[in-house]
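Listing of protein15.tsv, TSV, C-alpha atoms
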```tsv
chain	number	residue	atom	x	y	z
A	1	MET	CA	0.00	0.00	0.00
A	2	ASN	CA	1.54	3.34	-1.01
A	3	ARG	CA	1.53	6.46	1.14
A	4	ALA	CA	-1.44	8.13	-0.62
A	5	TRP	CA	-3.71	5.13	-0.16
A	6	LEU	CA	-2.62	4.79	3.46
A	7	LEU	CA	-3.45	8.42	4.21
A	8	LEU	CA	-6.84	8.02	2.52
A	9	LEU	CA	-7.56	4.93	4.62
A	10	VAL	CA	-6.58	6.83	7.79
A	11	ALA	CA	-8.83	9.76	6.87
A	12	LEU	CA	-11.82	7.51	6.15
A	13	TRP	CA	-11.25	5.56	9.35
A	14	GLN	CA	-11.03	8.74	11.45
A	15	MET	CA	-14.22	10.10	9.84
A	16	ALA	CA	-16.12	6.90	10.60
A	17	TYR	CA	-14.62	6.41	14.07
A	18	PRO	CA	-13.37	9.74	15.50
A	19	LYS	CA	-12.40	7.96	18.70
A	20	SER	CA	-12.67	4.24	18.19
A	21	ASN	CA	-13.55	1.94	21.06
A	22	CYS	CA	-12.27	-1.23	19.42
A	23	ILE	CA	-9.37	-2.68	17.46
A	24	VAL	CA	-10.47	-4.36	14.24
A	25	ASN	CA	-8.62	-7.52	13.29
A	26	GLY	CA	-6.76	-7.23	9.98
A	27	VAL	CA	-6.78	-3.42	9.96
A	28	PRO	CA	-3.64	-1.50	10.96
A	29	TRP	CA	-3.63	0.42	14.22
A	30	PHE	CA	-2.96	4.12	13.71
A	31	ASP	CA	-1.39	6.46	16.24
A	32	ASP	CA	-2.35	10.07	16.94
A	33	ASN	CA	-0.26	11.21	13.96
A	34	GLY	CA	-2.06	8.92	11.53
A	35	ASN	CA	0.87	6.53	11.23
A	36	PRO	CA	0.62	2.76	11.75
A	37	VAL	CA	1.62	1.70	15.25
A	38	ASN	CA	5.14	0.29	14.82
A	39	ALA	CA	5.83	-1.86	17.89
A	40	HIS	CA	6.58	-5.46	16.98
A	41	GLY	CA	7.11	-8.04	19.76
A	42	ALA	CA	5.59	-5.60	22.23
A	43	CYS	CA	4.96	-5.37	25.96
A	44	ILE	CA	2.53	-3.14	27.87
A	45	LEU	CA	3.17	-1.41	31.20
A	46	GLN	CA	0.56	0.50	33.22
A	47	GLU	CA	1.55	3.67	35.05
A	48	ASP	CA	-0.80	6.13	36.82
A	49	GLY	CA	-3.85	4.89	34.93
A	50	ARG	CA	-2.18	5.08	31.53
A	51	TYR	CA	-0.84	2.23	29.39
A	52	TYR	CA	2.57	2.28	27.72
A	53	LEU	CA	3.34	0.06	24.75
A	54	PHE	CA	6.98	-0.74	23.93
A	55	GLY	CA	8.01	-2.60	20.81
A	56	GLU	CA	10.48	-3.03	17.97
A	57	TRP	CA	10.58	-0.04	15.61
A	58	LYS	CA	10.69	-2.16	12.47
A	59	SER	CA	11.70	-1.08	8.96
A	60	ASP	CA	10.82	-2.69	5.63
A	61	GLY	CA	14.37	-2.61	4.33
A	62	SER	CA	16.36	-4.61	6.88
A	63	ASN	CA	16.09	-6.77	9.97
A	64	SER	CA	18.87	-4.79	11.64
A	65	PHE	CA	17.82	-2.96	14.81
A	66	PRO	CA	16.52	0.60	14.23
A	67	GLY	CA	15.21	1.25	17.75
A	68	PHE	CA	12.52	0.51	20.34
A	69	SER	CA	9.34	2.59	20.21
A	70	CYS	CA	6.96	3.75	22.93
A	71	TYR	CA	3.26	4.60	22.63
A	72	SER	CA	0.74	5.53	25.33
A	73	SER	CA	-3.02	5.12	25.68
A	74	ASP	CA	-5.76	5.53	28.26
A	75	ASP	CA	-8.02	2.87	26.72
A	76	LEU	CA	-5.71	0.32	24.99
A	77	VAL	CA	-7.25	1.28	21.62
A	78	ASN	CA	-6.22	4.85	20.78
A	79	TRP	CA	-2.45	5.28	20.91
A	80	LYS	CA	-0.21	8.34	21.14
A	81	PHE	CA	3.31	8.08	19.74
A	82	GLU	CA	5.73	9.04	22.52
A	83	ASN	CA	9.22	8.43	21.17
A	84	VAL	CA	11.81	6.01	19.92
A	85	VAL	CA	13.15	5.52	23.43
A	86	LEU	CA	16.26	3.50	22.61
A	87	GLY	CA	18.14	3.71	19.33
A	88	VAL	CA	21.05	1.94	17.68
A	89	GLN	CA	24.26	2.20	19.71
A	90	SER	CA	27.56	3.28	18.19
A	91	GLU	CA	29.10	-0.10	18.99
A	92	GLY	CA	28.66	-3.25	21.04
A	93	ILE	CA	25.91	-5.84	21.23
A	94	LEU	CA	23.23	-3.35	20.13
A	95	GLY	CA	25.41	-1.51	17.62
A	96	PRO	CA	25.02	-1.21	13.83
A	97	ASN	CA	23.96	-4.32	11.91
A	98	ARG	CA	22.73	-6.06	15.04
A	99	VAL	CA	19.30	-7.36	16.07
A	100	GLY	CA	17.21	-5.99	18.96
A	101	GLU	CA	14.02	-7.85	19.86
A	102	ARG	CA	11.53	-8.87	22.59
A	103	VAL	CA	11.72	-5.57	24.47
A	104	LYS	CA	10.29	-5.73	28.01
A	105	VAL	CA	10.05	-2.90	30.56
A	106	MET	CA	9.47	-3.08	34.32
A	107	LYS	CA	9.56	-0.40	37.01
A	108	CYS	CA	11.91	-1.45	39.78
A	109	PRO	CA	10.28	-0.86	43.22
A	110	ALA	CA	13.66	-0.68	44.98
A	111	SER	CA	15.00	2.20	42.87
A	112	GLY	CA	11.97	3.70	41.11
A	113	GLU	CA	13.92	3.23	37.88
A	114	TYR	CA	12.51	1.83	34.65
A	115	VAL	CA	14.52	-1.15	33.43
A	116	MET	CA	14.27	-2.38	29.85
A	117	LEU	CA	15.45	-5.86	28.89
A	118	MET	CA	15.83	-7.19	25.36
A	119	HIS	CA	17.34	-9.86	23.14
A	120	CYS	CA	20.44	-8.64	21.26
A	121	ASP	CA	22.03	-10.66	18.46
A	122	ASP	CA	23.86	-10.57	15.16
A	123	LEU	CA	21.94	-10.73	11.88
A	124	GLU	CA	22.46	-14.50	11.65
A	125	TYR	CA	21.20	-15.09	15.22
A	126	LYS	CA	24.48	-16.70	16.27
A	127	ASP	CA	25.64	-14.21	18.95
A	128	PRO	CA	22.77	-13.87	21.45
A	129	TYR	CA	22.78	-11.71	24.58
A	130	ILE	CA	20.21	-10.39	27.01
A	131	GLY	CA	20.85	-6.66	27.22
A	132	TYR	CA	19.36	-4.01	29.47
A	133	ALA	CA	18.80	-0.25	29.52
A	134	THR	CA	17.52	2.17	32.17
A	135	SER	CA	15.57	5.42	32.41
A	136	SER	CA	14.29	7.67	35.18
A	137	THR	CA	11.01	8.24	33.28
A	138	ILE	CA	8.78	5.69	31.59
A	139	SER	CA	8.71	7.28	28.13
A	140	GLY	CA	12.01	9.14	28.26
A	141	GLN	CA	15.27	8.19	26.61
A	142	TYR	CA	16.70	4.92	27.90
A	143	GLU	CA	20.44	4.51	28.40
A	144	PHE	CA	21.82	1.21	27.20
A	145	GLN	CA	23.92	-0.44	29.93
A	146	GLY	CA	25.20	-3.53	28.10
A	147	PRO	CA	24.68	-7.25	28.69
A	148	LEU	CA	22.83	-8.61	31.70
A	149	LEU	CA	25.27	-10.56	33.88
A	150	PHE	CA	24.89	-13.72	35.94
A	151	GLU	CA	27.84	-14.74	38.13
A	152	GLY	CA	29.94	-12.20	36.26
A	153	LYS	CA	29.18	-13.59	32.79
A	154	PRO	CA	26.71	-12.33	30.14
A	155	VAL	CA	23.41	-14.18	29.82
A	156	LYS	CA	23.76	-15.50	26.27
A	157	ARG	CA	20.17	-16.45	25.50
A	158	TRP	CA	17.61	-15.13	23.05
A	159	ASP	CA	13.86	-15.73	23.30
A	160	MET	CA	12.87	-14.13	26.60
A	161	GLY	CA	10.12	-12.56	28.69
A	162	THR	CA	9.84	-10.93	32.11
A	163	PHE	CA	7.61	-11.24	35.14
A	164	GLN	CA	7.19	-8.98	38.18
A	165	ASP	CA	5.81	-10.71	41.27
A	166	THR	CA	3.45	-9.13	43.79
A	167	ASP	CA	6.35	-8.54	46.19
A	168	GLY	CA	8.22	-6.54	43.52
A	169	SER	CA	10.71	-9.26	42.63
A	170	GLY	CA	11.68	-9.31	38.97
A	171	TYR	CA	12.24	-12.44	36.90
A	172	LEU	CA	13.73	-13.18	33.50
A	173	LEU	CA	11.93	-15.98	31.64
A	174	ILE	CA	14.07	-17.87	29.13
A	175	HIS	CA	13.04	-20.12	26.26
A	176	HIS	CA	12.88	-23.84	27.07
A	177	GLY	CA	12.42	-23.49	30.80
A	178	PRO	CA	14.85	-21.41	32.90
A	179	VAL	CA	13.34	-18.81	35.26
A	180	LEU	CA	16.02	-16.43	36.59
A	181	LYS	CA	15.47	-14.10	39.54
A	182	LEU	CA	16.83	-10.61	39.02
A	183	SER	CA	18.78	-8.64	41.59
A	184	ALA	CA	16.97	-6.03	43.69
A	185	ASP	CA	17.83	-3.29	41.16
A	186	TYR	CA	17.02	-5.53	38.14
A	187	HIS	CA	20.54	-4.91	36.77
A	188	SER	CA	21.77	-8.50	36.98
A	189	VAL	CA	20.65	-12.06	37.65
A	190	GLU	CA	20.73	-13.09	41.30
A	191	ARG	CA	20.01	-16.81	40.99
A	192	LYS	CA	18.24	-19.57	39.10
A	193	ALA	CA	14.74	-19.66	40.55
A	194	ALA	CA	13.16	-22.54	38.63
A	195	TYR	CA	13.31	-24.73	35.57
A	196	VAL	CA	10.11	-25.67	33.74
A	197	GLU	CA	10.35	-28.99	31.92
A	198	ASP	CA	9.21	-29.16	28.29
A	199	CYS	CA	8.69	-25.40	28.05
A	200	GLY	CA	8.74	-23.85	24.57
A	201	GLU	CA	9.58	-20.35	23.37
A	202	SER	CA	8.22	-16.82	23.87
A	203	PRO	CA	7.52	-17.31	27.62
A	204	ALA	CA	5.08	-15.13	29.54
A	205	MET	CA	3.85	-15.48	33.12
A	206	CYS	CA	1.00	-14.24	35.30
A	207	LYS	CA	-0.13	-14.93	38.87
A	208	LYS	CA	-3.68	-15.46	40.10
A	209	ASP	CA	-4.92	-16.61	43.50
A	210	GLY	CA	-1.42	-17.61	44.57
A	211	LEU	CA	-0.74	-19.74	41.48
A	212	TYR	CA	1.76	-18.93	38.72
A	213	TYR	CA	0.75	-19.57	35.12
A	214	LEU	CA	3.39	-19.86	32.39
A	215	PHE	CA	2.45	-19.43	28.73
A	216	TYR	CA	4.73	-20.21	25.81
A	217	SER	CA	4.85	-21.12	22.14
A	218	ASP	CA	4.50	-24.83	21.41
A	219	LEU	CA	7.14	-24.54	18.65
A	220	THR	CA	4.68	-24.79	15.77
A	221	ALA	CA	6.70	-22.23	13.77
A	222	TRP	CA	4.39	-19.72	12.06
A	223	GLU	CA	1.67	-22.26	11.48
A	224	LYS	CA	-1.48	-22.47	13.57
A	225	MET	CA	-1.83	-25.58	15.69
A	226	THR	CA	-5.01	-27.64	15.58
A	227	ILE	CA	-5.85	-29.98	18.46
A	228	SER	CA	-8.34	-32.75	17.74
A	229	ILE	CA	-10.33	-34.23	20.64
A	230	LEU	CA	-12.13	-37.53	20.14
A	231	PRO	CA	-15.76	-37.70	21.34
A	232	HIS	CA	-14.97	-40.03	24.26
A	233	GLN	CA	-12.14	-37.69	25.32
A	234	ALA	CA	-14.43	-34.67	25.16
A	235	SER	CA	-17.13	-36.32	27.29
A	236	ARG	CA	-14.52	-37.40	29.81
A	237	ALA	CA	-13.06	-33.86	29.90
A	238	HIS	CA	-16.50	-32.43	30.64
A	239	GLY	CA	-17.18	-34.92	33.41
```

Could you quickly redo this structure as C-alpha cells?
Amino acid sequence: MNRAWLLLLVALWQMAYPKSNCIVNGVPWFDDNGNPVNAHGACILQEDGRYYLFGEWKSDGSNSFPGFSCYSSDDLVNWKFENVVLGVQSEGILGPNRVGERVKVMKCPASGEYVMLMHCDDLEYKDPYIGYATSSTISGQYEFQGPLLFEGKPVKRWDMGTFQDTDGSGYLLIHHGPVLKLSADYHSVERKAAYVEDCGESPAMCKKDGLYYLFYSDLTAWEKMTISILPHQASRAHG
C-alpha cells in the first residue's frame, strides 16, 4: 500500500470512528499522527492509569535494529506516539547491523527506575545476549547499559520474557524453561529460581490466586496448531 492510499484509509477511518472503542482484526492500528503503530514483539506497562506500549521499531528494508518505540493510551485502543526511546548504539551488542528484539520494561520498586530488557544478536542469530537499559522516566530516553550478567558472565540467550511478582521481585523468563530471579535493582541475575520442563519459546507469566501460570509457544513455527479431541475424550473432559 503506497503512502497516498494509506493516508486516505486513515482519513476515512477517522471520519467513521473519531475515537474508536475497538481494534479491528486485519486493519492497521494508527497512532495520533495517523501513522501505523510500529511496535513489533511488544509489551505493555501501566503507570498512573495510563498504558505504555513498547516494541520493535521495524523497517521494511532490513532486519537490523533501528530502535525501540513507545506509545501511550488511556483505553488500549487509541495510541499516542511518545518516542523512539532506545536507538542503535555506536558499537557493542546493540550496535550497527545487530538485532534488537523482545523488548520488556518493568519499574523497579527498589529504585523507582525503569529497566528495559531485550534480546540482542547478530543478523544470523548466532551471537545472542540479554541486554538491558535504564531510564528515570517511563517514556524518556533509555540509556543502554550492556549485557545482563549472571555470576559475572553475560546471559547469552535469546527468546525471553519478564515477570514482576506481587512482592516486587523481577524475573527473567528464558526459552525452554529457565526462570532467573533478578537482583533487587534488576541490573543482573541473582540466581536460578526454577526450571520448567518441556517449556517452549516466547515465555510469559502471570499470577492469580497464589498460582503462577506460564504461557509459551509450542514450537509450531508460524503455522497455527489444531488440536483434535475424540468424542470419548471430550465427554470425559466435561465430566

- Message: Need to verify the contact set: Pro178 (chain A), 8 Å, all atoms listed in the file, exclusion of same-chain residues closer than 4 positions in sequence. Can you return it as a VMD selection string?
- Response: chain A and resid 173 to 174 192 to 196

Among A:Gly131, A:Pro66, A:Asp60, A:Asn78, Cys22 (chain A) is approached most closely, using all atoms listed in the file, by A:Asn78

Using only C-alpha atoms, the shortest atom-to-atom distance to Pro109 (chain A) among A:Gly170, A:Glu197, A:Thr220, A:Leu211 belongs to A:Gly170

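With all atoms listed in the file taken into account, the protein and nucleic acid residues at most 10 Å from Ser136 (chain A) (excluding it and anything under 3 positions from it in its own chain) are Lys107, Ser111, Gly112, Glu113, Tyr114, Val115, Ser139, Gly140, Gln141, Tyr142 and Glu143 of chain A.
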
- Shell of 10 Å around Ser169 (chain A), all atoms listed in the file, local chain residues under 4 positions omitted, as a PyMOL selection string: chain A and resi 108-110+163-165+181-186

A straight line from CA of Ile23 (chain A) to CA of Ser202 (chain A) spans 23.5 Å

* **Exercise: region 41-57 of chain A partners within 12 Å, all atoms listed in the file, chain neighbours under 6 positions left out, as a PyMOL selection string** => chain A and resi 31+63-88+99-107+114-120+137-140+142+159-164+202+204

Atom pair CA of Val189 (chain A) + CA of His40 (chain A), distance 25.9 Å

Atom pair CA of Ser90 (chain A) + CA of Pro36 (chain A), distance 27.7 Å

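Of the listed residues A:Glu201, A:Leu148, A:Leu219, A:Arg157, the one whose atoms come nearest to His187 (chain A) is A:Leu148, with distances taken using all atoms listed in the file.
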
What's the 9 Å shell around Gly146 (chain A), counting only C-alpha atoms, without same-chain residues fewer than 3 positions away, as a short mmCIF file (atom, residue, chain, number, x, y, z; two decimals) with C-alpha atoms, in the coordinates of the input?
```cif
data_model
loop_
_atom_site.label_atom_id
_atom_site.label_comp_id
_atom_site.auth_asym_id
_atom_site.auth_seq_id
_atom_site.Cartn_x
_atom_site.Cartn_y
_atom_site.Cartn_z
CA GLY A 92 28.66 -3.25 21.04
CA ILE A 93 25.91 -5.84 21.23
CA LEU A 94 23.23 -3.35 20.13
CA ILE A 130 20.21 -10.39 27.01
CA GLY A 131 20.85 -6.66 27.22
CA TYR A 132 19.36 -4.01 29.47
CA ALA A 133 18.80 -0.25 29.52
#
```

Min atom-atom distance to Phe144 (chain A) from the set A:Gly95, A:Pro28, A:Pro203, A:Gly210, counting all atoms listed in the file, belongs to A:Gly95
